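Enquirer: One structure follows; several queries about it will come next.
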Amino acid sequence: MIHKEVANAKEALQGVASGMTFMLGGFGLCGIPENAISELVRLGVKDLTCISNNAGVDDFGLGLLLQGRQVRKMVSSYVGENDEFERQMLSGELEVELTPQGTLAEKCRAAQAGIPAFYTPAGFGTEVAEGKETREFNGKMYVMEQAFRADFSFVKAWKGDTAGNLIFKGTARNFNPVMCGAAAITVAEVEELLPAGSLDPNQIHIPGIFVQRIFEGTGYEKRIEQRTVRKRPGSNG
């Protein structure tokens with residue numbers, strides 16, 4: 001069986017260079033590849049195009065790459081939690097391609113499946129459709145969207161094995177699965193890395209064929225963007 005384990009994030013990111021296009025899994029701060037992002041910061045690569053649902057927060061996640069002016073272009077669907085993202089976008093320092101969330105997910109999934117393009121009704125008649133091919137199907141207009149092309153895909157899973165099979169936990173099963181295999185090289189970081197054959201095949205979300213490198217991450221913070229709790233019964237606080 002093919003052995004895909006690497007020692008750490010440094011080894012996993014071999015070949016990363018300035019000017020590349022990266023996919024980064026996660027939704028908000030849930031299920032983001034923290035170790036891979038930290039290594040990108042350490043490497044100092046610049047002029048990056050990052051495909052991610054959002055850009056983290058000011059001092060965490062992809063926000064760290066924005067702070068270091070390492071990102072040239074962001075392809076995202078939501079940008080509301082990052083003040084530095086907003087500042088760079090409004091000042092023209094950062095190129096931003098806002099994409100409907102479902103379209104963003106499907107552009108990843110299409111790349112994963114080897115489908116070059118697809119039609120979607122999302123965005124027809126808006127700025128999203130400008131310059132794109134449109135076509136009518138059964139009396140309804142659709143916009144043609146091309147699949148993403150990326151050099152590396154960085155994802156975060158709960159458990160994995162040395163063959164690259166992955167299991168995601170809870171809502172961390174967001175953009176991570178559709179980004180696996182959607183780039184030339186997929187790097188998976190996991191909280192627990194087990195020997196091949198240790199995972200129940202019925203529980204595996206992504207088979208190892210979609211993953212080229214896998215390592216066990218460390219020091220996960222798992223921050224919460226906006227912590228909201230309800231008052232306990234009978235409590236004044």
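Here's how to read the names in the structure tokens: chain A, B, ... by the order shown, residue numbers from 1 in each chain, ligand numbers from 1 in the order shown.
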Could you pull out the residues in range 13-90 of chain A that DSSP calls strand (DSSP E) from the backbone, as a list in words?
Expert: Thr21, Phe22, Met23, Leu24, Leu48, Thr49, Cys50, Ile51, Val71, Arg72, Lys73, Met74, Val75 and Ser76 of chain A
Enquirer: Counting only C-alpha atoms, which residues of range 39-73 of chain A fall within 10 Å of range 150-157 of chain A, and what is the closest atom pair for each with its distance in Å at one decimal, ordered by chain and rising number, as CSV?
Expert:
residue,atom,partner,partner_atom,distance
A:Thr49,CA,A:Ala150,CA,8.9
A:Cys50,CA,A:Ala150,CA,9.0
A:Ile51,CA,A:Ala150,CA,8.5
Enquirer: Let me see the file: selected residues, all heavy atoms, as an mmCIF file, in the first residue's frame.
Expert:
data_model
loop_
_atom_site.group_PDB
_atom_site.id
_atom_site.type_symbol
_atom_site.label_atom_id
_atom_site.label_comp_id
_atom_site.auth_asym_id
_atom_site.auth_seq_id
_atom_site.Cartn_x
_atom_site.Cartn_y
_atom_site.Cartn_z
ATOM 1 N N THR A 49 -2.540 33.338 -4.733
ATOM 2 C CA THR A 49 -3.978 33.332 -4.944
ATOM 3 C C THR A 49 -4.543 32.266 -4.016
ATOM 4 O O THR A 49 -4.133 31.100 -4.089
ATOM 5 C CB THR A 49 -4.342 32.997 -6.398
ATOM 6 O OG1 THR A 49 -3.845 34.023 -7.250
ATOM 7 C CG2 THR A 49 -5.857 32.908 -6.566
ATOM 8 N N CYS A 50 -5.440 32.667 -3.131
ATOM 9 C CA CYS A 50 -6.003 31.743 -2.150
ATOM 10 C C CYS A 50 -7.491 31.556 -2.390
ATOM 11 O O CYS A 50 -8.248 32.536 -2.445
ATOM 12 C CB CYS A 50 -5.775 32.252 -0.727
ATOM 13 S SG CYS A 50 -4.033 32.232 -0.228
ATOM 14 N N ILE A 51 -7.897 30.314 -2.528
ATOM 15 C CA ILE A 51 -9.297 29.951 -2.703
ATOM 16 C C ILE A 51 -9.793 29.392 -1.382
ATOM 17 O O ILE A 51 -9.338 28.343 -0.923
ATOM 18 C CB ILE A 51 -9.451 28.906 -3.822
ATOM 19 C CG1 ILE A 51 -8.931 29.446 -5.145
ATOM 20 C CG2 ILE A 51 -10.908 28.470 -3.943
ATOM 21 C CD1 ILE A 51 -8.759 28.378 -6.220
#
Enquirer: Between A:Leu104, A:Leu40, A:Ala55, A:Cys30, single out the one closest to Arg173 in chain A, counting only C-alpha atoms.
Expert: A:Cys30
Enquirer: Which residue is closest to Leu62 in chain A? Choose from A:Gly19, A:Gly92, A:Pro116, A:Gly25 and count only C-alpha atoms.
Expert: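 Among the listed residues, the smallest separation from Leu62 in chain A belongs to A:Gly25.
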Enquirer: From the options A:Phe27, A:Phe168, A:Tyr142, A:Phe22, which residue's atoms come nearest to Met74 in chain A, counting only C-alpha atoms?
Expert: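 Result for the nearest residue to Met74 in chain A: A:Phe22.
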Enquirer: Report the closest atom pair, with its distance in Å rounded to one decimal, for each residue of range 115-214 of chain A that has an atom no farther than 12 Å from range 218-235 of chain A; count only C-alpha atoms, sort by chain and then rising residue number, and write it as CSV.
Expert:
residue,atom,partner,partner_atom,distance
A:Lys156,CA,A:Tyr220,CA,10.7
A:Ala157,CA,A:Tyr220,CA,11.8
A:Trp158,CA,A:Tyr220,CA,11.3
A:Ala172,CA,A:Lys222,CA,10.6
A:Glu189,CA,A:Thr218,CA,9.2
A:Val190,CA,A:Thr218,CA,8.8
A:Glu191,CA,A:Thr218,CA,7.3
A:Glu192,CA,A:Thr218,CA,9.6
A:Leu193,CA,A:Thr218,CA,11.3
Enquirer: Keeping only all heavy atoms, write those residues as a compact mmCIF listing (two decimals), in the first residue's frame.
Expert:
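Saved result, out.txt, follows:
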# COMPACT_ATOMS: atom_id res chain seq x y z
N LYS A 156 -7.93 19.99 6.45
CA LYS A 156 -7.80 19.56 7.84
C LYS A 156 -8.86 18.50 8.12
O LYS A 156 -10.04 18.70 7.84
CB LYS A 156 -7.99 20.76 8.77
CG LYS A 156 -8.37 20.45 10.22
CD LYS A 156 -7.26 19.83 11.00
CE LYS A 156 -7.58 19.61 12.47
NZ LYS A 156 -8.88 19.86 13.00
N ALA A 157 -8.43 17.35 8.65
CA ALA A 157 -9.36 16.27 9.00
C ALA A 157 -9.16 15.87 10.45
O ALA A 157 -8.16 16.22 11.09
CB ALA A 157 -9.17 15.07 8.08
N TRP A 158 -10.10 15.12 10.97
CA TRP A 158 -10.05 14.65 12.36
C TRP A 158 -9.09 13.47 12.48
O TRP A 158 -8.14 13.48 13.24
CB TRP A 158 -11.46 14.27 12.80
CG TRP A 158 -11.57 13.69 14.18
CD1 TRP A 158 -10.92 14.11 15.30
CD2 TRP A 158 -12.40 12.61 14.59
NE1 TRP A 158 -11.29 13.36 16.39
CE2 TRP A 158 -12.20 12.42 15.98
CE3 TRP A 158 -13.31 11.78 13.92
CZ2 TRP A 158 -12.87 11.43 16.71
CZ3 TRP A 158 -13.98 10.81 14.64
CH2 TRP A 158 -13.76 10.63 16.02
N ALA A 172 -16.64 20.37 10.58
CA ALA A 172 -15.37 20.51 9.87
C ALA A 172 -15.44 19.80 8.52
O ALA A 172 -14.56 19.95 7.68
CB ALA A 172 -14.23 19.94 10.70
N GLU A 189 -3.73 17.59 6.85
CA GLU A 189 -3.23 17.52 8.21
C GLU A 189 -4.36 16.98 9.08
O GLU A 189 -5.53 17.31 8.88
CB GLU A 189 -2.74 18.87 8.71
CG GLU A 189 -3.75 20.00 8.68
CD GLU A 189 -3.14 21.30 9.21
OE1 GLU A 189 -2.47 22.02 8.44
OE2 GLU A 189 -3.36 21.59 10.40
N VAL A 190 -4.02 16.11 10.02
CA VAL A 190 -5.03 15.43 10.82
C VAL A 190 -4.68 15.53 12.30
O VAL A 190 -3.51 15.70 12.66
CB VAL A 190 -5.17 13.94 10.42
CG1 VAL A 190 -5.64 13.83 8.97
CG2 VAL A 190 -3.87 13.19 10.61
N GLU A 191 -5.70 15.41 13.13
CA GLU A 191 -5.46 15.43 14.57
C GLU A 191 -4.89 14.11 15.06
O GLU A 191 -4.14 14.07 16.04
CB GLU A 191 -6.76 15.75 15.31
CG GLU A 191 -7.28 17.15 15.04
CD GLU A 191 -8.56 17.44 15.81
OE1 GLU A 191 -8.66 17.04 16.98
OE2 GLU A 191 -9.46 18.08 15.23
N GLU A 192 -5.24 13.03 14.38
CA GLU A 192 -4.74 11.71 14.76
C GLU A 192 -4.43 10.91 13.50
O GLU A 192 -5.29 10.71 12.65
CB GLU A 192 -5.78 10.97 15.60
CG GLU A 192 -5.29 9.63 16.12
CD GLU A 192 -6.31 8.91 16.99
OE1 GLU A 192 -7.43 9.45 17.17
OE2 GLU A 192 -5.99 7.82 17.50
N LEU A 193 -3.18 10.48 13.38
CA LEU A 193 -2.74 9.71 12.21
C LEU A 193 -2.51 8.26 12.64
O LEU A 193 -1.74 8.00 13.57
CB LEU A 193 -1.47 10.31 11.63
CG LEU A 193 -0.95 9.67 10.34
CD1 LEU A 193 -1.99 9.76 9.23
CD2 LEU A 193 0.35 10.34 9.90
Enquirer: With a distance cut-off of 8 Å and only C-alpha atoms, select the neighbouring residues of Pro121 in chain A, excluding the residue or stretch itself and same-chain residues fewer than 4 positions from it, and output the selection as number ranges by chain.
Expert: A: 140-143
Enquirer: Selection from above, all heavy atoms, as a tab-separated table (two decimals), in the first residue's frame, can you write it?
Expert:
chain	number	residue	atom	x	y	z
A	140	LYS	N	-34.91	28.30	-18.46
A	140	LYS	CA	-34.22	29.01	-17.38
A	140	LYS	C	-32.79	29.30	-17.79
A	140	LYS	O	-32.13	28.47	-18.44
A	140	LYS	CB	-34.24	28.18	-16.10
A	140	LYS	CG	-33.72	28.90	-14.87
A	140	LYS	CD	-33.96	28.07	-13.62
A	140	LYS	CE	-33.52	28.82	-12.37
A	140	LYS	NZ	-33.81	28.05	-11.13
A	141	MET	N	-32.28	30.48	-17.42
A	141	MET	CA	-30.94	30.90	-17.81
A	141	MET	C	-29.90	30.44	-16.78
A	141	MET	O	-30.13	30.49	-15.58
A	141	MET	CB	-30.88	32.41	-17.98
A	141	MET	CG	-31.73	32.93	-19.13
A	141	MET	SD	-31.30	32.19	-20.74
A	141	MET	CE	-29.59	32.75	-20.93
A	142	TYR	N	-28.76	30.03	-17.33
A	142	TYR	CA	-27.67	29.53	-16.50
A	142	TYR	C	-26.36	30.21	-16.89
A	142	TYR	O	-26.19	30.64	-18.03
A	142	TYR	CB	-27.52	28.01	-16.66
A	142	TYR	CG	-28.65	27.21	-16.08
A	142	TYR	CD1	-29.87	27.12	-16.73
A	142	TYR	CD2	-28.49	26.54	-14.87
A	142	TYR	CE1	-30.92	26.38	-16.20
A	142	TYR	CE2	-29.53	25.79	-14.33
A	142	TYR	CZ	-30.74	25.72	-15.00
A	142	TYR	OH	-31.77	24.99	-14.46
A	143	VAL	N	-25.45	30.25	-15.94
A	143	VAL	CA	-24.11	30.81	-16.15
A	143	VAL	C	-23.10	29.66	-16.16
A	143	VAL	O	-23.16	28.77	-15.31
A	143	VAL	CB	-23.74	31.79	-15.02
A	143	VAL	CG1	-22.35	32.39	-15.25
A	143	VAL	CG2	-24.78	32.88	-14.89
Enquirer: Which distance in Å separates CA of Leu48 in chain A and CA of Ala17 in chain A, to one decimal?
Expert: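 Straight-line distance from CA of Leu48 in chain A to CA of Ala17 in chain A works out to 8.8 Å.
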Enquirer: Could you pull out all residues of range 30-208 of chain A with a DSSP call of helix (DSSP H, G or I) and give them as a CSV table (one decimal) with N, CA, C and O atoms, in the first residue's frame?
Expert:
chain,number,residue,atom,x,y,z
A,34,GLU,N,-4.6,24.7,10.2
A,34,GLU,CA,-3.8,25.6,11.0
A,34,GLU,C,-2.3,25.5,10.8
A,34,GLU,O,-1.5,26.4,10.7
A,35,ASN,N,-1.8,24.2,10.8
A,35,ASN,CA,-0.4,24.0,10.7
A,35,ASN,C,0.1,24.4,9.3
A,35,ASN,O,1.2,24.9,9.2
A,36,ALA,N,-0.6,24.1,8.3
A,36,ALA,CA,-0.2,24.5,6.9
A,36,ALA,C,-0.1,26.0,6.8
A,36,ALA,O,0.8,26.5,6.2
A,37,ILE,N,-1.1,26.7,7.3
A,37,ILE,CA,-1.1,28.1,7.2
A,37,ILE,C,0.1,28.7,8.0
A,37,ILE,O,0.8,29.6,7.5
A,38,SER,N,0.4,28.2,9.2
A,38,SER,CA,1.6,28.6,9.9
A,38,SER,C,2.8,28.4,9.1
A,38,SER,O,3.7,29.3,9.2
A,39,GLU,N,2.9,27.3,8.4
A,39,GLU,CA,4.1,27.1,7.6
A,39,GLU,C,4.2,28.0,6.4
A,39,GLU,O,5.3,28.5,6.0
A,40,LEU,N,3.1,28.3,5.8
A,40,LEU,CA,3.1,29.3,4.7
A,40,LEU,C,3.6,30.7,5.2
A,40,LEU,O,4.3,31.4,4.5
A,41,VAL,N,3.1,31.0,6.4
A,41,VAL,CA,3.6,32.3,7.0
A,41,VAL,C,5.1,32.2,7.2
A,41,VAL,O,5.9,33.2,6.9
A,42,ARG,N,5.6,31.1,7.8
A,42,ARG,CA,7.0,31.0,8.0
A,42,ARG,C,7.9,31.0,6.7
A,42,ARG,O,8.9,31.7,6.7
A,43,LEU,N,7.3,30.4,5.7
A,43,LEU,CA,8.1,30.4,4.4
A,43,LEU,C,8.1,31.8,3.7
A,43,LEU,O,9.1,32.1,3.0
A,63,GLY,N,-6.0,35.2,7.9
A,63,GLY,CA,-5.7,36.6,8.3
A,63,GLY,C,-4.3,36.8,8.5
A,63,GLY,O,-3.8,37.9,8.3
A,64,LEU,N,-3.5,35.8,8.9
A,64,LEU,CA,-2.1,35.9,9.1
A,64,LEU,C,-1.3,36.1,7.8
A,64,LEU,O,-0.4,36.9,7.8
A,65,LEU,N,-1.8,35.5,6.7
A,65,LEU,CA,-1.2,35.7,5.4
A,65,LEU,C,-1.5,37.1,4.9
A,65,LEU,O,-0.7,37.7,4.3
A,66,LEU,N,-2.7,37.6,5.2
A,66,LEU,CA,-3.1,38.9,4.8
A,66,LEU,C,-2.2,40.0,5.5
A,66,LEU,O,-1.8,41.0,4.9
A,67,GLN,N,-2.0,39.7,6.8
A,67,GLN,CA,-1.2,40.7,7.6
A,67,GLN,C,0.2,40.8,7.0
A,67,GLN,O,0.8,41.9,7.0
A,83,ASP,N,-11.2,42.6,9.4
A,83,ASP,CA,-11.1,44.0,9.1
A,83,ASP,C,-10.0,44.3,8.1
A,83,ASP,O,-10.0,45.2,7.3
A,84,GLU,N,-8.9,43.5,8.2
A,84,GLU,CA,-7.7,43.8,7.4
A,84,GLU,C,-8.1,43.4,5.9
A,84,GLU,O,-7.6,44.0,5.0
A,85,PHE,N,-8.8,42.3,5.8
A,85,PHE,CA,-9.3,41.9,4.5
A,85,PHE,C,-10.1,43.1,3.8
A,85,PHE,O,-9.9,43.5,2.7
A,86,GLU,N,-11.0,43.6,4.6
A,86,GLU,CA,-11.9,44.7,4.1
A,86,GLU,C,-11.0,45.9,3.7
A,86,GLU,O,-11.2,46.5,2.7
A,87,ARG,N,-10.0,46.3,4.6
A,87,ARG,CA,-9.2,47.4,4.3
A,87,ARG,C,-8.4,47.2,3.0
A,87,ARG,O,-8.4,48.1,2.2
A,88,GLN,N,-7.8,46.0,2.8
A,88,GLN,CA,-7.0,45.8,1.7
A,88,GLN,C,-7.8,45.8,0.4
A,88,GLN,O,-7.4,46.2,-0.7
A,89,MET,N,-9.1,45.2,0.5
A,89,MET,CA,-9.9,45.2,-0.6
A,89,MET,C,-10.4,46.6,-1.1
A,89,MET,O,-10.3,46.9,-2.2
A,90,LEU,N,-10.8,47.4,-0.1
A,90,LEU,CA,-11.3,48.7,-0.4
A,90,LEU,C,-10.2,49.7,-0.9
A,90,LEU,O,-10.5,50.6,-1.7
A,91,SER,N,-9.0,49.4,-0.5
A,91,SER,CA,-7.9,50.2,-0.9
A,91,SER,C,-7.3,49.8,-2.2
A,91,SER,O,-6.4,50.5,-2.8
A,101,GLN,N,-21.6,31.0,-2.6
A,101,GLN,CA,-21.0,30.0,-1.8
A,101,GLN,C,-21.2,28.6,-2.5
A,101,GLN,O,-20.3,27.8,-2.5
A,102,GLY,N,-22.4,28.3,-3.0
A,102,GLY,CA,-22.6,27.1,-3.6
A,102,GLY,C,-21.8,26.9,-4.9
A,102,GLY,O,-21.3,25.8,-5.2
A,103,THR,N,-21.6,28.0,-5.6
A,103,THR,CA,-20.8,28.0,-6.8
A,103,THR,C,-19.3,27.7,-6.4
A,103,THR,O,-18.6,26.9,-7.1
A,104,LEU,N,-18.8,28.3,-5.3
A,104,LEU,CA,-17.5,28.1,-4.9
A,104,LEU,C,-17.3,26.6,-4.6
A,104,LEU,O,-16.3,26.0,-5.0
A,105,ALA,N,-18.2,26.0,-3.9
A,105,ALA,CA,-18.1,24.6,-3.5
A,105,ALA,C,-18.1,23.7,-4.8
A,105,ALA,O,-17.3,22.8,-4.9
A,106,GLU,N,-19.0,24.0,-5.7
A,106,GLU,CA,-19.1,23.2,-7.0
A,106,GLU,C,-17.9,23.4,-7.8
A,106,GLU,O,-17.5,22.4,-8.5
A,107,LYS,N,-17.2,24.6,-7.9
A,107,LYS,CA,-16.0,24.8,-8.6
A,107,LYS,C,-14.9,23.9,-8.1
A,107,LYS,O,-14.0,23.4,-8.8
A,108,CYS,N,-14.9,23.7,-6.7
A,108,CYS,CA,-14.0,22.8,-6.1
A,108,CYS,C,-14.3,21.3,-6.5
A,108,CYS,O,-13.4,20.5,-6.9
A,109,ARG,N,-15.6,20.9,-6.4
A,109,ARG,CA,-16.0,19.6,-6.6
A,109,ARG,C,-15.8,19.2,-8.1
A,109,ARG,O,-15.4,18.1,-8.4
A,110,ALA,N,-16.0,20.2,-9.0
A,110,ALA,CA,-15.8,19.9,-10.4
A,110,ALA,C,-14.3,19.6,-10.7
A,110,ALA,O,-14.0,18.7,-11.4
A,111,ALA,N,-13.4,20.4,-10.0
A,111,ALA,CA,-12.0,20.2,-10.2
A,111,ALA,C,-11.6,18.8,-9.7
A,111,ALA,O,-10.8,18.1,-10.3
A,112,GLN,N,-12.2,18.4,-8.5
A,112,GLN,CA,-12.0,17.1,-7.9
A,112,GLN,C,-12.4,16.0,-8.9
A,112,GLN,O,-11.7,15.0,-9.0
A,113,ALA,N,-13.5,16.2,-9.6
A,113,ALA,CA,-14.0,15.1,-10.5
A,113,ALA,C,-13.5,15.2,-11.9
A,113,ALA,O,-13.8,14.3,-12.7
A,127,GLU,N,-23.5,40.9,-11.5
A,127,GLU,CA,-22.1,41.1,-11.8
A,127,GLU,C,-21.3,39.8,-11.9
A,127,GLU,O,-20.3,39.7,-12.6
A,128,VAL,N,-21.8,38.8,-11.2
A,128,VAL,CA,-21.2,37.5,-11.1
A,128,VAL,C,-21.1,36.9,-12.6
A,128,VAL,O,-20.1,36.2,-12.9
A,129,ALA,N,-22.1,37.2,-13.4
A,129,ALA,CA,-22.2,36.6,-14.7
A,129,ALA,C,-21.4,37.4,-15.8
A,129,ALA,O,-21.3,37.0,-16.9
A,170,GLY,N,-17.9,16.4,12.5
A,170,GLY,CA,-18.9,17.4,12.6
A,170,GLY,C,-18.9,18.4,11.5
A,170,GLY,O,-18.7,18.0,10.3
A,171,THR,N,-19.0,19.7,11.8
A,171,THR,CA,-19.1,20.7,10.8
A,171,THR,C,-17.7,21.0,10.1
A,171,THR,O,-17.7,21.8,9.2
A,172,ALA,N,-16.6,20.4,10.6
A,172,ALA,CA,-15.4,20.5,9.9
A,172,ALA,C,-15.4,19.8,8.5
A,172,ALA,O,-14.6,20.0,7.7
A,176,ASN,N,-13.6,21.1,3.2
A,176,ASN,CA,-12.5,20.2,3.2
A,176,ASN,C,-12.7,19.1,2.2
A,176,ASN,O,-11.8,18.8,1.3
A,177,PRO,N,-13.8,18.3,2.2
A,177,PRO,CA,-13.9,17.1,1.4
A,177,PRO,C,-13.8,17.5,-0.1
A,177,PRO,O,-13.2,16.8,-0.9
A,178,VAL,N,-14.5,18.6,-0.5
A,178,VAL,CA,-14.5,18.9,-2.0
A,178,VAL,C,-13.2,19.5,-2.5
A,178,VAL,O,-13.0,19.5,-3.7
A,179,MET,N,-12.3,19.9,-1.6
A,179,MET,CA,-11.0,20.4,-2.0
A,179,MET,C,-10.0,19.3,-2.1
A,179,MET,O,-8.9,19.5,-2.6
A,201,PRO,N,-13.7,1.2,7.2
A,201,PRO,CA,-13.9,1.7,5.8
A,201,PRO,C,-15.3,2.3,5.6
A,201,PRO,O,-15.5,3.2,4.8
A,202,ASN,N,-16.3,2.0,6.4
A,202,ASN,CA,-17.6,2.5,6.3
A,202,ASN,C,-17.7,4.0,6.9
A,202,ASN,O,-18.7,4.7,6.7
A,203,GLN,N,-16.6,4.4,7.6
A,203,GLN,CA,-16.6,5.7,8.2
A,203,GLN,C,-15.8,6.7,7.4
A,203,GLN,O,-15.8,7.9,7.7
A,208,GLY,N,-8.0,7.6,0.2
A,208,GLY,CA,-6.6,8.1,0.0
A,208,GLY,C,-6.2,8.5,-1.4
A,208,GLY,O,-5.2,9.2,-1.5
Enquirer: Nearest to Ile167 in chain A: which of A:Ile2, A:Leu29, A:Leu194, A:Leu13 is it, counting only C-alpha atoms?
Expert: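 Going through A:Ile2, A:Leu29, A:Leu194, A:Leu13 one by one, the smallest distance to Ile167 in chain A is for A:Leu194.
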